[in-house]
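Peer 1: Below is structure_15.tsv; it holds TSV, C-alpha atoms and all ligand atoms.
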```tsv
chain	number	residue	atom	x	y	z
A	174	MET	CA	22.50	4.77	-13.93
A	175	GLY	CA	19.25	6.53	-13.03
A	176	ARG	CA	17.40	5.84	-9.82
A	177	LEU	CA	13.76	5.44	-10.69
A	178	VAL	CA	10.36	5.64	-9.13
A	179	VAL	CA	8.99	2.09	-9.13
A	180	ALA	CA	5.21	1.86	-8.73
A	181	ILE	CA	3.58	-1.30	-7.40
A	182	ASP	CA	-0.21	-1.39	-7.29
A	183	GLY	CA	-2.70	-4.15	-6.68
A	184	PRO	CA	-5.45	-5.39	-4.37
A	185	ALA	CA	-5.10	-6.30	-0.69
A	186	GLY	CA	-3.31	-9.58	-0.06
A	187	ALA	CA	-1.58	-9.81	-3.46
A	188	GLY	CA	1.74	-9.76	-1.63
A	189	LYS	CA	2.60	-6.12	-2.35
A	190	SER	CA	4.10	-5.28	1.02
A	191	THR	CA	6.40	-8.32	1.21
A	192	VAL	CA	7.50	-7.93	-2.38
A	193	SER	CA	7.92	-4.14	-2.21
A	194	LYS	CA	10.09	-4.39	0.87
A	195	LYS	CA	12.30	-7.07	-0.67
A	196	LEU	CA	12.52	-5.23	-3.97
A	197	ALA	CA	13.51	-1.97	-2.24
A	198	ARG	CA	16.24	-3.87	-0.41
A	199	ALA	CA	17.50	-5.58	-3.57
A	200	LEU	CA	17.65	-2.28	-5.48
A	201	GLY	CA	18.99	-0.18	-2.60
A	202	TYR	CA	15.88	2.01	-2.90
A	203	ARG	CA	13.65	3.51	-0.21
A	204	LEU	CA	10.15	2.15	0.35
A	205	LEU	CA	7.06	4.33	0.26
A	206	ASP	CA	4.09	2.46	1.71
A	207	THR	CA	1.15	4.67	0.71
A	208	GLY	CA	-1.40	2.37	2.40
A	209	ALA	CA	0.31	3.15	5.72
A	210	ILE	CA	-0.48	6.83	5.12
A	211	TYR	CA	-4.22	6.11	4.70
A	212	ARG	CA	-4.06	3.87	7.77
A	213	ALA	CA	-2.44	6.70	9.74
A	214	VAL	CA	-5.28	9.04	8.77
A	215	ALA	CA	-7.81	6.43	9.97
A	216	LEU	CA	-5.93	5.98	13.26
A	217	GLU	CA	-5.66	9.71	13.87
A	218	ALA	CA	-9.38	10.16	13.12
A	219	THR	CA	-10.25	7.42	15.62
A	220	ARG	CA	-8.09	9.01	18.28
A	221	GLN	CA	-9.70	12.40	17.73
A	222	GLY	CA	-13.18	10.88	17.82
A	223	VAL	CA	-13.76	11.80	14.16
A	224	SER	CA	-15.93	9.53	12.01
A	225	TRP	CA	-14.23	7.88	8.99
A	226	ASP	CA	-17.22	9.09	6.98
A	227	ASP	CA	-16.53	12.73	7.82
A	228	ALA	CA	-14.70	13.64	4.60
A	229	ARG	CA	-13.87	17.24	5.48
A	230	THR	CA	-12.41	16.58	8.90
A	231	CYS	CA	-10.54	13.50	7.68
A	232	ALA	CA	-9.08	15.65	4.88
A	233	ALA	CA	-7.97	18.23	7.44
A	234	ILE	CA	-6.29	15.45	9.40
A	235	ALA	CA	-4.63	14.23	6.18
A	236	LYS	CA	-3.32	17.73	5.43
A	237	GLY	CA	-1.74	18.09	8.85
A	238	LEU	CA	-0.31	14.57	8.97
A	239	ARG	CA	3.30	14.36	10.16
A	240	ILE	CA	4.48	10.97	9.02
A	241	ASP	CA	7.92	9.42	8.60
A	242	PHE	CA	9.18	6.02	7.50
A	243	VAL	CA	12.26	4.51	9.12
A	244	PHE	CA	13.93	1.31	7.96
A	245	GLU	CA	14.95	-0.58	11.06
A	246	GLY	CA	16.42	-4.04	10.59
A	247	ASP	CA	13.82	-5.84	8.53
A	248	ALA	CA	10.92	-3.59	9.43
A	249	ASN	CA	9.66	-0.41	7.84
A	250	ARG	CA	8.58	1.54	10.92
A	251	VAL	CA	5.88	4.15	10.62
A	252	ILE	CA	6.27	7.22	12.82
A	253	LEU	CA	3.25	9.47	13.31
A	254	GLY	CA	3.93	12.78	15.03
A	255	GLY	CA	6.96	11.20	16.71
A	256	GLU	CA	5.12	8.08	17.87
A	257	ASP	CA	5.80	4.61	16.46
A	258	VAL	CA	2.42	3.40	15.14
A	259	THR	CA	3.73	0.49	13.03
A	260	GLU	CA	1.58	-2.09	14.83
A	261	ALA	CA	-1.34	0.20	15.73
A	262	ILE	CA	-2.16	0.85	12.05
A	263	ARG	CA	-2.19	-2.86	11.10
A	264	THR	CA	-5.27	-4.00	13.01
A	265	PRO	CA	-8.31	-5.29	11.05
A	266	ASP	CA	-10.19	-2.22	12.33
A	267	MET	CA	-7.65	0.14	10.75
A	268	SER	CA	-7.77	-1.86	7.48
A	269	GLN	CA	-11.47	-1.02	7.28
A	270	GLY	CA	-10.83	2.56	8.43
A	271	ALA	CA	-8.14	3.10	5.78
A	272	SER	CA	-10.44	1.76	3.10
A	273	ARG	CA	-13.23	4.11	4.27
A	274	VAL	CA	-11.15	7.29	4.55
A	275	SER	CA	-9.42	6.55	1.24
A	276	ALA	CA	-12.78	6.68	-0.56
A	277	HIS	CA	-13.03	10.47	0.02
A	278	PRO	CA	-11.64	12.53	-2.90
A	279	GLU	CA	-10.77	15.31	-0.42
A	280	VAL	CA	-8.58	12.94	1.57
A	281	ARG	CA	-6.84	11.59	-1.55
A	282	GLU	CA	-6.23	15.13	-2.78
A	283	ALA	CA	-4.81	16.19	0.59
A	284	LEU	CA	-2.33	13.29	0.50
A	285	LEU	CA	-1.09	13.77	-3.06
A	286	ALA	CA	1.53	16.41	-2.33
A	287	LEU	CA	2.81	14.46	0.66
A	288	GLN	CA	3.24	11.26	-1.36
A	289	ARG	CA	4.94	13.07	-4.23
A	290	ARG	CA	7.31	14.83	-1.86
A	291	LEU	CA	8.26	11.48	-0.32
A	292	GLY	CA	9.05	10.06	-3.78
A	293	GLU	CA	10.34	13.03	-5.73
A	294	SER	CA	14.05	12.30	-5.47
A	295	GLY	CA	13.65	8.87	-7.12
A	296	GLY	CA	15.26	5.69	-5.85
A	297	VAL	CA	11.94	4.70	-4.34
A	298	VAL	CA	9.58	1.74	-4.50
A	299	ALA	CA	6.09	3.18	-4.00
A	300	GLU	CA	3.39	0.71	-3.11
A	301	GLY	CA	-0.39	1.22	-3.08
A	302	ARG	CA	-3.51	1.31	-5.23
A	303	ASP	CA	-3.02	4.34	-7.46
A	304	VAL	CA	0.69	5.07	-7.37
A	305	GLY	CA	1.20	4.16	-11.04
A	306	THR	CA	-2.01	5.80	-12.24
A	307	VAL	CA	-2.39	8.98	-10.16
A	308	VAL	CA	0.48	9.68	-7.77
A	309	PHE	CA	3.42	8.89	-10.10
A	310	PRO	CA	1.93	8.57	-13.61
A	311	ASP	CA	5.43	9.11	-15.07
A	312	ALA	CA	7.05	6.32	-13.05
A	313	LYS	CA	9.52	4.49	-15.27
A	314	ALA	CA	8.65	1.04	-13.91
A	315	LYS	CA	5.10	0.06	-12.99
A	316	PHE	CA	3.78	-3.25	-11.77
A	317	PHE	CA	0.29	-4.51	-11.03
A	318	LEU	CA	0.51	-7.40	-8.60
A	319	THR	CA	-2.60	-9.49	-8.22
A	320	ALA	CA	-3.96	-12.94	-7.28
A	321	PRO	CA	-7.44	-14.52	-7.04
A	322	PRO	CA	-9.51	-13.36	-3.98
A	323	GLU	CA	-9.39	-16.80	-2.29
A	324	VAL	CA	-5.61	-16.85	-2.46
A	325	ARG	CA	-5.36	-13.32	-1.09
A	326	ALA	CA	-7.86	-14.03	1.70
A	327	ARG	CA	-5.96	-17.15	2.76
A	328	ARG	CA	-2.76	-15.09	3.04
A	329	ARG	CA	-4.51	-12.39	5.11
A	330	TYR	CA	-6.02	-15.09	7.32
A	331	GLU	CA	-2.66	-16.72	7.97
A	332	GLU	CA	-1.01	-13.36	8.60
A	333	LEU	CA	-3.68	-12.39	11.17
A	334	ARG	CA	-3.57	-15.82	12.84
A	335	ALA	CA	0.21	-15.52	13.15
A	336	LYS	CA	-0.32	-12.23	14.94
A	337	GLY	CA	-2.64	-13.96	17.41
A	338	TYR	CA	-6.00	-12.71	16.13
A	339	GLU	CA	-8.99	-15.06	16.35
A	340	VAL	CA	-10.14	-15.05	12.73
A	341	ASP	CA	-12.46	-17.04	10.59
A	342	LEU	CA	-11.47	-17.93	7.02
A	343	ASP	CA	-14.95	-17.32	5.56
A	344	ALA	CA	-15.14	-13.95	7.28
A	345	THR	CA	-11.70	-13.07	5.89
A	346	VAL	CA	-12.77	-13.99	2.36
A	347	ALA	CA	-15.88	-11.81	2.78
A	348	GLU	CA	-13.77	-8.96	4.14
A	349	VAL	CA	-11.30	-9.13	1.25
A	350	ILE	CA	-14.10	-9.15	-1.31
A	351	SER	CA	-15.89	-6.21	0.31
A	352	ARG	CA	-12.66	-4.22	0.51
A	353	ASP	CA	-11.88	-5.01	-3.16
A	354	GLN	CA	-15.32	-3.88	-4.18
A	355	ARG	CA	-15.01	-0.59	-2.32
A	356	ASP	CA	-11.48	0.02	-3.63
A	357	GLU	CA	-12.49	-0.78	-7.22
A	358	THR	CA	-15.79	1.06	-7.38
A	359	ARG	CA	-15.09	4.29	-5.52
A	360	ALA	CA	-15.36	7.40	-7.67
A	361	ALA	CA	-11.98	8.79	-6.66
A	362	ALA	CA	-8.94	6.98	-8.08
A	363	PRO	CA	-10.40	3.47	-8.06
A	364	LEU	CA	-8.01	0.53	-8.07
A	365	LYS	CA	-7.13	-0.21	-11.67
A	366	GLN	CA	-4.02	-1.15	-13.51
A	367	ALA	CA	-2.02	1.44	-15.41
A	368	GLU	CA	-1.89	0.74	-19.14
A	369	ASP	CA	1.88	0.55	-19.05
A	370	ALA	CA	2.04	-1.68	-15.96
A	371	VAL	CA	3.60	-5.14	-16.02
A	372	VAL	CA	0.94	-7.46	-14.60
A	373	ILE	CA	2.09	-10.26	-12.30
A	374	ASP	CA	-0.22	-12.89	-10.80
A	375	SER	CA	1.43	-13.95	-7.56
A	376	ALA	CA	-0.63	-17.15	-7.08
A	377	GLY	CA	1.81	-20.07	-7.13
A	378	LEU	CA	4.86	-17.83	-7.11
A	379	ASN	CA	6.97	-17.23	-4.04
A	380	PRO	CA	7.92	-13.64	-3.16
A	381	ASP	CA	11.53	-14.11	-4.26
A	382	ASP	CA	10.43	-15.17	-7.76
A	383	VAL	CA	8.25	-12.08	-8.03
A	384	VAL	CA	11.04	-9.83	-6.77
A	385	HIS	CA	13.47	-11.37	-9.24
A	386	LYS	CA	11.13	-10.68	-12.18
A	387	MET	CA	10.61	-7.11	-11.04
A	388	GLU	CA	14.28	-6.46	-10.44
A	389	GLN	CA	15.12	-7.50	-13.99
A	390	VAL	CA	12.57	-5.06	-15.38
A	391	VAL	CA	13.79	-2.22	-13.16
A	392	ARG	CA	17.47	-2.82	-13.95
A	393	SER	CA	16.82	-2.77	-17.68
A	394	ARG	CA	14.79	0.46	-17.38
A	395	GLU	CA	17.51	2.03	-15.25
A	396	ARG	CA	19.94	1.36	-18.07
A	397	SER	CA	17.68	2.69	-20.78
A	398	GLY	CA	16.57	5.76	-18.78
B	401	LIG	O1	-2.28	-1.56	1.30
B	401	LIG	P1	-3.08	-1.39	2.59
B	401	LIG	O2	-3.89	-2.59	2.98
B	401	LIG	O3	-2.20	-0.90	3.72
B	401	LIG	O4	-4.11	-0.20	2.26
B	401	LIG	C1	-5.11	0.19	3.17
B	401	LIG	C2	-6.27	0.86	2.45
B	401	LIG	O5	-5.86	2.12	1.92
B	401	LIG	C3	-6.84	0.06	1.27
B	401	LIG	O6	-8.12	-0.45	1.59
B	401	LIG	C4	-6.99	1.04	0.15
B	401	LIG	C5	-6.37	2.31	0.61
B	401	LIG	N1	-5.29	2.77	-0.26
B	401	LIG	C6	-5.62	3.61	-1.29
B	401	LIG	O7	-6.79	3.89	-1.49
B	401	LIG	N2	-4.65	4.12	-2.09
B	401	LIG	C7	-3.37	3.80	-1.90
B	401	LIG	N3	-2.42	4.31	-2.72
B	401	LIG	C8	-3.01	2.92	-0.85
B	401	LIG	C9	-4.01	2.42	-0.05
```
Represent the structure contained in this file as structure tokens.
Peer 2:
Amino acid sequence: MGRLVVAIDGPAGAGKSTVSKKLARALGYRLLDTGAIYRAVALEATRQGVSWDDARTCAAIAKGLRIDFVFEGDANRVILGGEDVTEAIRTPDMSQGASRVSAHPEVREALLALQRRLGESGGVVAEGRDVGTVVFPDAKAKFFLTAPPEVRARRRYEELRAKGYEVDLDATVAEVISRDQRDETRAAAPLKQAEDAVVIDSAGLNPDDVVHKMEQVVRSRERSG
């Protein structure tokens, strides 16, 4: 039975990270969180005093990035140059930073080889915005997970509140819409679904239902591949 590359794309707040993690567990696959890589570039730029709008320097940072993923209990820890940055890359500030640095074609190009290397052996669930269209166009199982903006914003809001951030629901809706717009309209690898992706609307579904649907698709492709 072949171990595949499974690509899961979709907008912020569609439930990709929860579902990807559970799916990787269920399949016995590794998880490749490509958003974490863009977040790490934004964090490193901030630390070096580099503007997120400085495409060339951000691309240089992306090229030199030393990043590892370690499954620890239930968490997928992100290690940057030996330091655990799992929490540091998840702040609202780094969400904006990741969205800004990811708009530069030079940065995306610099991260392509890294992402492919991390997925090349198969047996991986790769999650992001362009993993099924650009990074792994030959992936044998592709999903596009989505939900209406209000549903996604409500999830983000509750997630941030649970972490102790003072957030406003209207501001979260506005933030989700502005991030969608930037992710969908940028010239380089905009967010769009692959033609051969299975589209799942997660509104009204719980993560386990979504994972179950996906697992069935992956298992049948494993058998036919
Ligand atoms: O999935 P996330 O929220 O961690 O992603 C952070 C940002 O990175 C998001 O605004 C878009 C960008 N991103 C991207 O452009 N391409 C990817 N494959 C993954 C993330």
Peer 1: Taking all atoms of ligand LIG 401 (chain B) that appear in the file, build a box with edges along x, y and z, extend it by 8 Å on every side, and state its centre and edge lengths in Å to one decimal, as JSON.
Peer 2:
```
{"center_x": -5.2, "center_y": 0.9, "center_z": 0.5, "size_x": 21.9, "size_y": 22.9, "size_z": 22.4}
```
Peer 1: Suppose you want the space between CA of Val304 in chain A and CA of Arg220 in chain A; what is it in Å?
Peer 2: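 Straight-line distance from CA of Val304 in chain A to CA of Arg220 in chain A works out to 27.4 Å.
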Peer 1: Could the residues of range 182-248 of chain A that have an atom at most 10 Å from range 310-320 of chain A be listed as JSON lines, each with its closest atom pair and the distance in Å to one decimal, counting all atoms listed in the file and ordered by chain and ascending residue number?
Peer 2:
```
{"residue": "A:Asp182", "atom": "CA", "partner": "A:Phe317", "partner_atom": "CA", "distance": 4.9}
{"residue": "A:Gly183", "atom": "CA", "partner": "A:Leu318", "partner_atom": "CA", "distance": 5.0}
{"residue": "A:Pro184", "atom": "CA", "partner": "A:Thr319", "partner_atom": "CA", "distance": 6.3}
{"residue": "A:Ala185", "atom": "CA", "partner": "A:Thr319", "partner_atom": "CA", "distance": 8.6}
{"residue": "A:Gly186", "atom": "CA", "partner": "A:Ala320", "partner_atom": "CA", "distance": 8.0}
{"residue": "A:Ala187", "atom": "CA", "partner": "A:Thr319", "partner_atom": "CA", "distance": 4.9}
{"residue": "A:Gly188", "atom": "CA", "partner": "A:Leu318", "partner_atom": "CA", "distance": 7.5}
{"residue": "A:Lys189", "atom": "CA", "partner": "A:Leu318", "partner_atom": "CA", "distance": 6.7}
{"residue": "A:Val192", "atom": "CA", "partner": "A:Leu318", "partner_atom": "CA", "distance": 9.4}
```
Peer 1: Within 7 Å of ligand LIG 401 (chain B), counting all atoms listed in the file, which protein or nucleic acid residues do you find, written as a PyMOL selection string?
Peer 2: chain A and resi 185+207-209+211-212+268-269+271-272+275-276+300-304+352+356
Peer 1: Just write the chosen residues, C-alpha atoms, as a PDB file, in the coordinates of the input.
Peer 2:
```pdb
ATOM      1  CA  ALA A 185      -5.100  -6.300  -0.690  1.00  0.00           C
ATOM      2  CA  THR A 207       1.150   4.670   0.710  1.00  0.00           C
ATOM      3  CA  GLY A 208      -1.400   2.370   2.400  1.00  0.00           C
ATOM      4  CA  ALA A 209       0.310   3.150   5.720  1.00  0.00           C
ATOM      5  CA  TYR A 211      -4.220   6.110   4.700  1.00  0.00           C
ATOM      6  CA  ARG A 212      -4.060   3.870   7.770  1.00  0.00           C
ATOM      7  CA  SER A 268      -7.770  -1.860   7.480  1.00  0.00           C
ATOM      8  CA  GLN A 269     -11.470  -1.020   7.280  1.00  0.00           C
ATOM      9  CA  ALA A 271      -8.140   3.100   5.780  1.00  0.00           C
ATOM     10  CA  SER A 272     -10.440   1.760   3.100  1.00  0.00           C
ATOM     11  CA  SER A 275      -9.420   6.550   1.240  1.00  0.00           C
ATOM     12  CA  ALA A 276     -12.780   6.680  -0.560  1.00  0.00           C
ATOM     13  CA  GLU A 300       3.390   0.710  -3.110  1.00  0.00           C
ATOM     14  CA  GLY A 301      -0.390   1.220  -3.080  1.00  0.00           C
ATOM     15  CA  ARG A 302      -3.510   1.310  -5.230  1.00  0.00           C
ATOM     16  CA  ASP A 303      -3.020   4.340  -7.460  1.00  0.00           C
ATOM     17  CA  VAL A 304       0.690   5.070  -7.370  1.00  0.00           C
ATOM     18  CA  ARG A 352     -12.660  -4.220   0.510  1.00  0.00           C
ATOM     19  CA  ASP A 356     -11.480   0.020  -3.630  1.00  0.00           C
TER      20      ASP A 356
END
```
Peer 1: Report, in Å to a single decimal, how far apart CA of Tyr338 in chain A and CA of Phe242 in chain A are.
Peer 2: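 Spanning CA of Phe242 in chain A to CA of Tyr338 in chain A is a straight-line distance of 25.6 Å.
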Peer 1: Just checking: using all atoms listed in the file, which residue out of A:Asp206, A:Glu332, A:Asp343, A:Asp226 ends up closest to His277 in chain A?
Peer 2: A:Asp226
Peer 1: Using all atoms listed in the file, which of the listed residues (A:Ala261, A:Val274, A:Ala286, A:Leu333) sits closest to Gly237 in chain A?
Peer 2: A:Ala286
